[in-house]
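Shown here: final-v3.csv, CSV, C-alpha atoms and all ligand atoms.
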```csv
chain,number,residue,atom,x,y,z
B,1,MET,CA,0.0,0.0,0.0
B,2,ARG,CA,3.0,2.2,0.0
B,3,GLU,CA,2.8,3.3,-3.5
B,4,ARG,CA,-0.2,5.5,-4.0
B,5,THR,CA,-1.3,6.8,-7.2
B,6,GLY,CA,-2.0,10.0,-9.0
B,7,ARG,CA,-5.5,10.2,-7.8
B,8,HIS,CA,-4.4,10.0,-4.2
B,9,LEU,CA,-1.8,12.7,-4.9
B,10,ALA,CA,-4.5,14.7,-6.6
B,11,ALA,CA,-6.7,14.3,-3.6
B,12,ALA,CA,-3.9,15.5,-1.4
B,13,ILE,CA,-3.3,18.5,-3.5
B,14,ALA,CA,-7.0,19.3,-3.4
B,15,LEU,CA,-7.0,19.0,0.3
B,16,ALA,CA,-4.0,21.3,0.6
B,17,LEU,CA,-5.7,23.9,-1.5
B,18,THR,CA,-8.8,23.7,0.6
B,19,VAL,CA,-6.8,23.9,3.9
B,20,SER,CA,-4.7,26.8,2.6
B,21,GLY,CA,-7.9,28.7,1.9
B,22,CYS,CA,-7.1,29.1,-1.8
B,23,ALA,CA,-10.3,27.7,-2.8
B,24,GLY,CA,-13.7,28.8,-2.2
B,25,ALA,CA,-13.8,26.3,-5.0
B,26,GLY,CA,-14.1,23.2,-2.8
B,27,ALA,CA,-15.3,20.3,-4.8
B,28,GLY,CA,-14.6,22.0,-8.0
B,29,ALA,CA,-11.0,22.4,-7.2
B,30,GLN,CA,-10.8,18.7,-6.3
B,31,ALA,CA,-12.3,17.6,-9.6
B,32,GLU,CA,-10.0,19.9,-11.5
B,33,ALA,CA,-6.9,18.6,-9.7
B,34,THR,CA,-8.0,15.0,-10.3
B,35,ASN,CA,-8.5,15.6,-14.0
B,36,ASP,CA,-5.2,17.4,-14.4
B,37,ALA,CA,-3.2,14.6,-12.7
B,38,VAL,CA,-4.4,12.1,-15.2
B,39,GLY,CA,-5.3,14.0,-18.3
B,40,LYS,CA,-2.2,16.2,-18.7
B,41,GLY,CA,0.5,14.0,-17.3
B,42,PHE,CA,-0.5,10.7,-18.8
B,43,PRO,CA,-2.7,11.2,-21.9
B,44,ILE,CA,-4.7,8.2,-23.0
B,45,VAL,CA,-2.9,6.9,-26.1
B,46,THR,CA,-5.8,5.3,-27.8
B,47,PRO,CA,-9.2,6.5,-26.9
B,48,PRO,CA,-11.4,4.4,-29.1
B,49,ALA,CA,-14.6,5.5,-27.4
B,50,ALA,CA,-15.7,8.4,-25.2
B,51,GLU,CA,-15.2,6.4,-22.0
B,52,SER,CA,-12.6,3.9,-22.9
B,53,PRO,CA,-10.8,3.3,-20.7
B,54,SER,CA,-12.8,4.8,-17.9
B,55,PRO,CA,-11.8,8.1,-16.2
B,56,THR,CA,-9.7,8.0,-13.1
B,57,PRO,CA,-11.0,5.4,-10.7
B,58,SER,CA,-13.3,6.5,-7.9
B,59,SER,CA,-12.1,6.6,-4.4
B,60,SER,CA,-12.8,3.5,-2.3
B,61,VAL,CA,-15.7,3.9,-0.1
B,62,PRO,CA,-18.1,1.4,1.4
B,63,ALA,CA,-20.2,-0.3,-1.2
B,64,ALA,CA,-24.0,-0.4,-1.5
B,65,THR,CA,-24.2,-4.1,-0.8
B,66,ALA,CA,-22.3,-6.2,1.7
B,67,LYS,CA,-20.8,-8.3,-1.1
B,68,PRO,CA,-20.7,-6.3,-4.3
B,69,ILE,CA,-18.6,-8.9,-6.1
B,70,VAL,CA,-19.1,-12.6,-5.5
B,71,LYS,CA,-18.4,-15.9,-7.1
B,72,TYR,CA,-15.2,-14.7,-8.6
B,73,SER,CA,-12.5,-17.0,-9.9
B,74,ALA,CA,-9.7,-17.4,-12.4
B,75,CYS,CA,-8.7,-20.7,-14.0
B,76,SER,CA,-6.4,-21.8,-16.7
B,77,SER,CA,-6.9,-24.5,-19.3
B,78,GLY,CA,-4.7,-25.1,-22.2
B,79,GLY,CA,-3.4,-21.8,-23.4
B,80,THR,CA,-6.1,-19.7,-22.0
B,81,VAL,CA,-7.2,-18.2,-18.7
B,82,THR,CA,-10.9,-17.8,-17.9
B,83,PHE,CA,-12.2,-15.2,-15.4
B,84,THR,CA,-15.7,-15.3,-13.9
B,85,ALA,CA,-17.3,-12.8,-11.5
B,86,THR,CA,-20.8,-11.8,-10.4
B,87,TYR,CA,-21.1,-8.0,-9.8
B,88,GLN,CA,-24.1,-7.4,-7.5
B,89,ASP,CA,-23.8,-3.7,-7.4
B,90,ASP,CA,-24.7,-1.6,-10.4
B,91,PHE,CA,-21.2,-0.9,-11.6
B,92,GLU,CA,-20.5,1.0,-14.8
B,93,PHE,CA,-17.0,-0.5,-15.1
B,94,HIS,CA,-16.2,-4.1,-14.6
B,95,HIS,CA,-12.5,-4.6,-14.3
B,96,VAL,CA,-10.0,-7.5,-14.0
B,97,PHE,CA,-6.5,-6.4,-13.1
B,98,ILE,CA,-3.7,-8.8,-13.7
B,99,ASP,CA,-0.1,-8.6,-12.5
B,100,THR,CA,1.3,-10.8,-15.2
B,101,ASP,CA,4.9,-10.7,-14.1
B,102,GLY,CA,4.3,-10.7,-10.4
B,103,ASP,CA,6.4,-7.6,-10.2
B,104,HIS,CA,4.6,-4.7,-8.3
B,105,ARG,CA,7.1,-2.2,-9.8
B,106,THR,CA,5.7,-2.7,-13.3
B,107,GLY,CA,2.2,-1.7,-14.3
B,108,TYR,CA,-0.5,0.3,-12.6
B,109,THR,CA,0.2,0.5,-8.9
B,110,GLY,CA,-3.1,2.0,-7.8
B,111,VAL,CA,-5.1,-1.2,-7.3
B,112,ASP,CA,-6.6,-1.0,-3.9
B,113,VAL,CA,-5.6,-4.4,-2.5
B,114,ALA,CA,-3.5,-5.6,0.4
B,115,GLY,CA,0.1,-6.0,-0.6
B,116,ASP,CA,2.0,-4.7,-3.5
B,117,PHE,CA,0.3,-5.0,-6.9
B,118,GLY,CA,1.4,-3.7,-10.3
B,119,ALA,CA,-1.3,-4.4,-12.9
B,120,ASP,CA,0.2,-5.0,-16.3
B,121,ILE,CA,-3.1,-6.0,-18.0
B,122,MET,CA,-6.6,-4.6,-17.4
B,123,ILE,CA,-9.9,-5.9,-18.8
B,124,GLU,CA,-12.6,-3.2,-18.7
B,125,ASN,CA,-16.1,-4.4,-19.6
B,126,ASP,CA,-15.5,-5.8,-23.1
B,127,LEU,CA,-12.1,-4.3,-23.9
B,128,LEU,CA,-8.5,-5.3,-23.1
B,129,PHE,CA,-5.7,-2.9,-22.2
B,130,ARG,CA,-2.1,-3.0,-21.3
B,131,SER,CA,-0.5,-0.7,-18.7
B,132,ASN,CA,1.4,2.3,-20.0
B,133,GLY,CA,3.1,3.1,-16.7
B,134,THR,CA,2.5,3.1,-13.0
B,135,GLU,CA,-0.3,5.7,-13.2
B,136,TRP,CA,-3.8,5.3,-14.6
B,137,SER,CA,-2.6,5.1,-18.2
B,138,TRP,CA,-3.7,2.4,-20.6
B,139,VAL,CA,-3.3,1.4,-24.2
B,140,GLU,CA,-6.0,-0.7,-25.8
B,141,VAL,CA,-4.9,-4.1,-27.1
B,142,LYS,CA,-6.7,-4.5,-30.4
B,143,ALA,CA,-7.7,-8.1,-30.3
B,144,LYS,CA,-10.7,-10.2,-30.0
B,145,SER,CA,-12.9,-9.0,-27.2
B,146,PRO,CA,-12.0,-10.7,-23.9
B,147,LEU,CA,-15.6,-10.8,-23.0
B,148,LEU,CA,-16.8,-14.3,-23.4
B,149,SER,CA,-20.3,-13.9,-22.1
B,150,ARG,CA,-22.5,-11.9,-19.9
B,151,SER,CA,-25.5,-13.3,-18.2
B,152,GLY,CA,-27.2,-10.8,-15.9
B,153,ASP,CA,-24.6,-9.7,-13.4
B,154,THR,CA,-22.2,-12.5,-14.2
B,155,TYR,CA,-19.3,-11.8,-16.5
B,156,ARG,CA,-16.9,-14.3,-18.1
B,157,TRP,CA,-13.8,-13.3,-19.8
B,158,ARG,CA,-11.0,-15.2,-21.5
B,159,LEU,CA,-7.4,-14.3,-22.3
B,160,LYS,CA,-4.4,-15.9,-23.7
B,161,ALA,CA,-2.2,-17.4,-21.0
B,162,ALA,CA,0.5,-14.8,-21.5
B,163,GLN,CA,-2.0,-12.0,-20.7
B,164,GLY,CA,-4.0,-13.8,-18.1
B,165,ARG,CA,-1.6,-15.7,-16.0
B,166,GLY,CA,-0.5,-14.0,-12.8
B,167,ARG,CA,-2.0,-12.3,-9.8
B,168,VAL,CA,-5.6,-11.3,-10.4
B,169,VAL,CA,-8.1,-9.0,-8.7
B,170,PHE,CA,-11.6,-8.1,-9.8
B,171,ASN,CA,-12.8,-4.5,-9.4
B,172,GLY,CA,-16.1,-2.7,-9.9
B,173,ASP,CA,-16.5,1.0,-10.3
B,174,ASP,CA,-19.8,2.9,-10.6
B,175,GLY,CA,-18.2,6.3,-10.9
B,176,THR,CA,-18.6,7.0,-7.2
B,177,THR,CA,-17.8,3.8,-5.5
B,178,GLU,CA,-14.9,1.4,-6.2
B,179,VAL,CA,-14.6,-2.1,-4.9
B,180,THR,CA,-11.7,-4.5,-5.3
B,181,THR,CA,-11.6,-8.2,-4.4
B,182,PRO,CA,-8.6,-9.8,-2.7
B,183,VAL,CA,-5.9,-11.3,-4.9
B,184,VAL,CA,-7.3,-14.5,-6.6
B,185,THR,CA,-5.3,-17.6,-6.9
B,186,LEU,CA,-5.2,-19.0,-10.4
B,187,LYS,CA,-6.4,-22.6,-10.6
B,188,GLU,CA,-6.7,-25.3,-13.2
B,189,CYS,CA,-10.2,-25.3,-14.8
B,190,ASP,CA,-12.3,-28.3,-13.8
B,191,GLY,CA,-13.1,-29.2,-17.4
B,192,PRO,CA,-12.0,-28.3,-20.8
B,193,ALA,CA,-12.4,-24.7,-21.8
B,194,SER,CA,-15.9,-24.1,-23.1
B,201,CA,CA,3.5,-6.1,-12.8
```
Show me, as structure tokens, the structure contained in the file I just sent.
Ligand SMILES: [Ca+2]
Amino acid sequence: MRERTGRHLAAAIALALTVSGCAGAGAGAQAEATNDAVGKGFPIVTPPAAESPSPTPSSSVPAATAKPIVKYSACSSGGTVTFTATYQDDFEFHHVFIDTDGDHRTGYTGVDVAGDFGADIMIENDLLFRSNGTEWSWVEVKAKSPLLSRSGDTYRWRLKAAQGRGRVVFNGDDGTTEVTTPVVTLKECDGPAS
């Protein structure tokens, strides 16, 4: 937890502004600082759609339901890894973060999980991204959509082993609330990939 991210820094800056009395701006100043930290310092390289990838993650606050993400797992079979999770809250962004090299110094370091984590790969809804640094900066991987299926609140994704093997967490973000599961241990799938 020692490496905090731009958004935390931005929050600290906003707090400093507020405390110093610079801002009658209040929330406005905080929003501006947050945008600046991500938007100017680390431009999104390939913005294929208006909200892709999503804006800076929300701050972590208690979720609406006691267990916003349940039945989450990751398993490997052959040359692929399959991720499954049920998101019980109404999240806008459904993420899988993967530390493919097990090195917390590479990839996005802002994942809110116990222990060090450097996410090299991110799935966001139906798109795949690779990290472009330790901040919230991602490059879309133009490939077949990782989204295998969606049934109600349950998502299934599949990646090649090179992109999917490693330490995995699931994350949901509704723009206000962000929730992250503990690190998931990758297992062998019970049956052949289907
Ligand atoms: Ca890493």
Contacts of Leu128 of chain B at 12 Å (all atoms listed in the file; same-chain gap of 2+ positions) as number ranges by chain = B: 46, 48, 52-53, 94-98, 120-126, 130-131, 138-147, 157-160, 163-164
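The space separating atom CA of Asp99 of chain B from atom CA of Leu127 of chain B comes to 17.1 Å.
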Produce a table with one row for each residue of chain B that has an atom at most 7 Å from any atom of ligand CA 201 (chain B), each row naming the nearest atom pair and its distance in Å at one decimal; use all atoms listed in the file; arrange rows by chain and rising residue number; format as a tab-separated table.
```
residue	atom	partner	partner_atom	distance
B:Asp99	CA	B:CA201	CA	4.4
B:Thr100	CA	B:CA201	CA	5.7
B:Asp101	CA	B:CA201	CA	5.0
B:Gly102	CA	B:CA201	CA	5.2
B:Asp103	CA	B:CA201	CA	4.2
B:His104	CA	B:CA201	CA	4.8
B:Arg105	CA	B:CA201	CA	6.1
B:Thr106	CA	B:CA201	CA	4.1
B:Gly107	CA	B:CA201	CA	4.8
B:Phe117	CA	B:CA201	CA	6.8
B:Gly118	CA	B:CA201	CA	4.1
B:Ala119	CA	B:CA201	CA	5.1
B:Asp120	CA	B:CA201	CA	4.9
```
Taking (-12.9, -16.5, -14.6) in the file's coordinates as the center, which residues reach within 6 Å of it, counting only C-alpha atoms, put as a PyMOL selection string?
-> chain B and resi 73-75+82-84+156
Output C-alpha atoms for every residue in the selection just made, as a PDB file, in the coordinates of the input.
```
ATOM      1  CA  SER B  73     -12.500 -17.000  -9.900  1.00  0.00           C
ATOM      2  CA  ALA B  74      -9.700 -17.400 -12.400  1.00  0.00           C
ATOM      3  CA  CYS B  75      -8.700 -20.700 -14.000  1.00  0.00           C
ATOM      4  CA  THR B  82     -10.900 -17.800 -17.900  1.00  0.00           C
ATOM      5  CA  PHE B  83     -12.200 -15.200 -15.400  1.00  0.00           C
ATOM      6  CA  THR B  84     -15.700 -15.300 -13.900  1.00  0.00           C
ATOM      7  CA  ARG B 156     -16.900 -14.300 -18.100  1.00  0.00           C
TER       8      ARG B 156
END
```
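The coordinates place atom CA of Val168 of chain B at 12.4 Å from atom CA of Ala114 of chain B.
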Could you add the missing atoms to segment 155-176 of chain B, up to N, CA and C atoms, and return them as a PDB file, keeping the file's coordinate frame?
```pdb
ATOM      1  N   TYR B 155     -20.158 -12.034 -15.351  1.00  0.00           N
ATOM      2  CA  TYR B 155     -19.300 -11.800 -16.500  1.00  0.00           C
ATOM      3  C   TYR B 155     -18.288 -12.960 -16.605  1.00  0.00           C
ATOM      4  N   ARG B 156     -18.015 -13.358 -17.851  1.00  0.00           N
ATOM      5  CA  ARG B 156     -16.900 -14.300 -18.100  1.00  0.00           C
ATOM      6  C   ARG B 156     -16.030 -13.727 -19.181  1.00  0.00           C
ATOM      7  N   TRP B 157     -14.741 -13.754 -18.864  1.00  0.00           N
ATOM      8  CA  TRP B 157     -13.800 -13.300 -19.800  1.00  0.00           C
ATOM      9  C   TRP B 157     -12.735 -14.348 -20.088  1.00  0.00           C
ATOM     10  N   ARG B 158     -12.070 -14.248 -21.232  1.00  0.00           N
ATOM     11  CA  ARG B 158     -11.000 -15.200 -21.500  1.00  0.00           C
ATOM     12  C   ARG B 158      -9.837 -14.490 -22.206  1.00  0.00           C
ATOM     13  N   LEU B 159      -8.650 -14.812 -21.728  1.00  0.00           N
ATOM     14  CA  LEU B 159      -7.400 -14.300 -22.300  1.00  0.00           C
ATOM     15  C   LEU B 159      -6.449 -15.373 -22.634  1.00  0.00           C
ATOM     16  N   LYS B 160      -5.503 -15.045 -23.521  1.00  0.00           N
ATOM     17  CA  LYS B 160      -4.400 -15.900 -23.700  1.00  0.00           C
ATOM     18  C   LYS B 160      -3.595 -16.025 -22.401  1.00  0.00           C
ATOM     19  N   ALA B 161      -2.921 -17.150 -22.224  1.00  0.00           N
ATOM     20  CA  ALA B 161      -2.200 -17.400 -21.000  1.00  0.00           C
ATOM     21  C   ALA B 161      -1.203 -16.250 -20.680  1.00  0.00           C
ATOM     22  N   ALA B 162      -0.538 -15.777 -21.720  1.00  0.00           N
ATOM     23  CA  ALA B 162       0.500 -14.800 -21.500  1.00  0.00           C
ATOM     24  C   ALA B 162      -0.081 -13.480 -20.930  1.00  0.00           C
ATOM     25  N   GLN B 163      -1.353 -13.217 -21.240  1.00  0.00           N
ATOM     26  CA  GLN B 163      -2.000 -12.000 -20.700  1.00  0.00           C
ATOM     27  C   GLN B 163      -2.766 -12.266 -19.449  1.00  0.00           C
ATOM     28  N   GLY B 164      -3.134 -13.500 -19.241  1.00  0.00           N
ATOM     29  CA  GLY B 164      -4.000 -13.800 -18.100  1.00  0.00           C
ATOM     30  C   GLY B 164      -3.414 -14.461 -16.924  1.00  0.00           C
ATOM     31  N   ARG B 165      -2.220 -15.021 -17.113  1.00  0.00           N
ATOM     32  CA  ARG B 165      -1.600 -15.700 -16.000  1.00  0.00           C
ATOM     33  C   ARG B 165      -0.970 -14.640 -15.043  1.00  0.00           C
ATOM     34  N   GLY B 166      -1.071 -14.884 -13.765  1.00  0.00           N
ATOM     35  CA  GLY B 166      -0.500 -14.000 -12.800  1.00  0.00           C
ATOM     36  C   GLY B 166      -1.393 -13.761 -11.627  1.00  0.00           C
ATOM     37  N   ARG B 167      -1.155 -12.678 -10.924  1.00  0.00           N
ATOM     38  CA  ARG B 167      -2.000 -12.300  -9.800  1.00  0.00           C
ATOM     39  C   ARG B 167      -3.181 -11.521 -10.289  1.00  0.00           C
ATOM     40  N   VAL B 168      -4.357 -11.879  -9.825  1.00  0.00           N
ATOM     41  CA  VAL B 168      -5.600 -11.300 -10.400  1.00  0.00           C
ATOM     42  C   VAL B 168      -6.458 -10.733  -9.290  1.00  0.00           C
ATOM     43  N   VAL B 169      -7.036  -9.576  -9.563  1.00  0.00           N
ATOM     44  CA  VAL B 169      -8.100  -9.000  -8.700  1.00  0.00           C
ATOM     45  C   VAL B 169      -9.247  -8.586  -9.617  1.00  0.00           C
ATOM     46  N   PHE B 170     -10.440  -8.650  -9.081  1.00  0.00           N
ATOM     47  CA  PHE B 170     -11.600  -8.100  -9.800  1.00  0.00           C
ATOM     48  C   PHE B 170     -11.989  -6.800  -9.101  1.00  0.00           C
ATOM     49  N   ASN B 171     -12.523  -5.884  -9.919  1.00  0.00           N
ATOM     50  CA  ASN B 171     -12.800  -4.500  -9.400  1.00  0.00           C
ATOM     51  C   ASN B 171     -14.063  -4.026 -10.122  1.00  0.00           C
ATOM     52  N   GLY B 172     -14.900  -3.366  -9.360  1.00  0.00           N
ATOM     53  CA  GLY B 172     -16.100  -2.700  -9.900  1.00  0.00           C
ATOM     54  C   GLY B 172     -16.075  -1.246  -9.553  1.00  0.00           C
ATOM     55  N   ASP B 173     -16.522  -0.412 -10.500  1.00  0.00           N
ATOM     56  CA  ASP B 173     -16.500   1.000 -10.300  1.00  0.00           C
ATOM     57  C   ASP B 173     -17.757   1.630 -10.907  1.00  0.00           C
ATOM     58  N   ASP B 174     -18.524   2.326 -10.100  1.00  0.00           N
ATOM     59  CA  ASP B 174     -19.800   2.900 -10.600  1.00  0.00           C
ATOM     60  C   ASP B 174     -19.627   4.431 -10.811  1.00  0.00           C
ATOM     61  N   GLY B 175     -18.401   4.909 -10.729  1.00  0.00           N
ATOM     62  CA  GLY B 175     -18.200   6.300 -10.900  1.00  0.00           C
ATOM     63  C   GLY B 175     -18.106   7.050  -9.542  1.00  0.00           C
ATOM     64  N   THR B 176     -18.653   6.440  -8.506  1.00  0.00           N
ATOM     65  CA  THR B 176     -18.600   7.000  -7.200  1.00  0.00           C
ATOM     66  C   THR B 176     -17.922   6.043  -6.201  1.00  0.00           C
TER      67      THR B 176
END
```
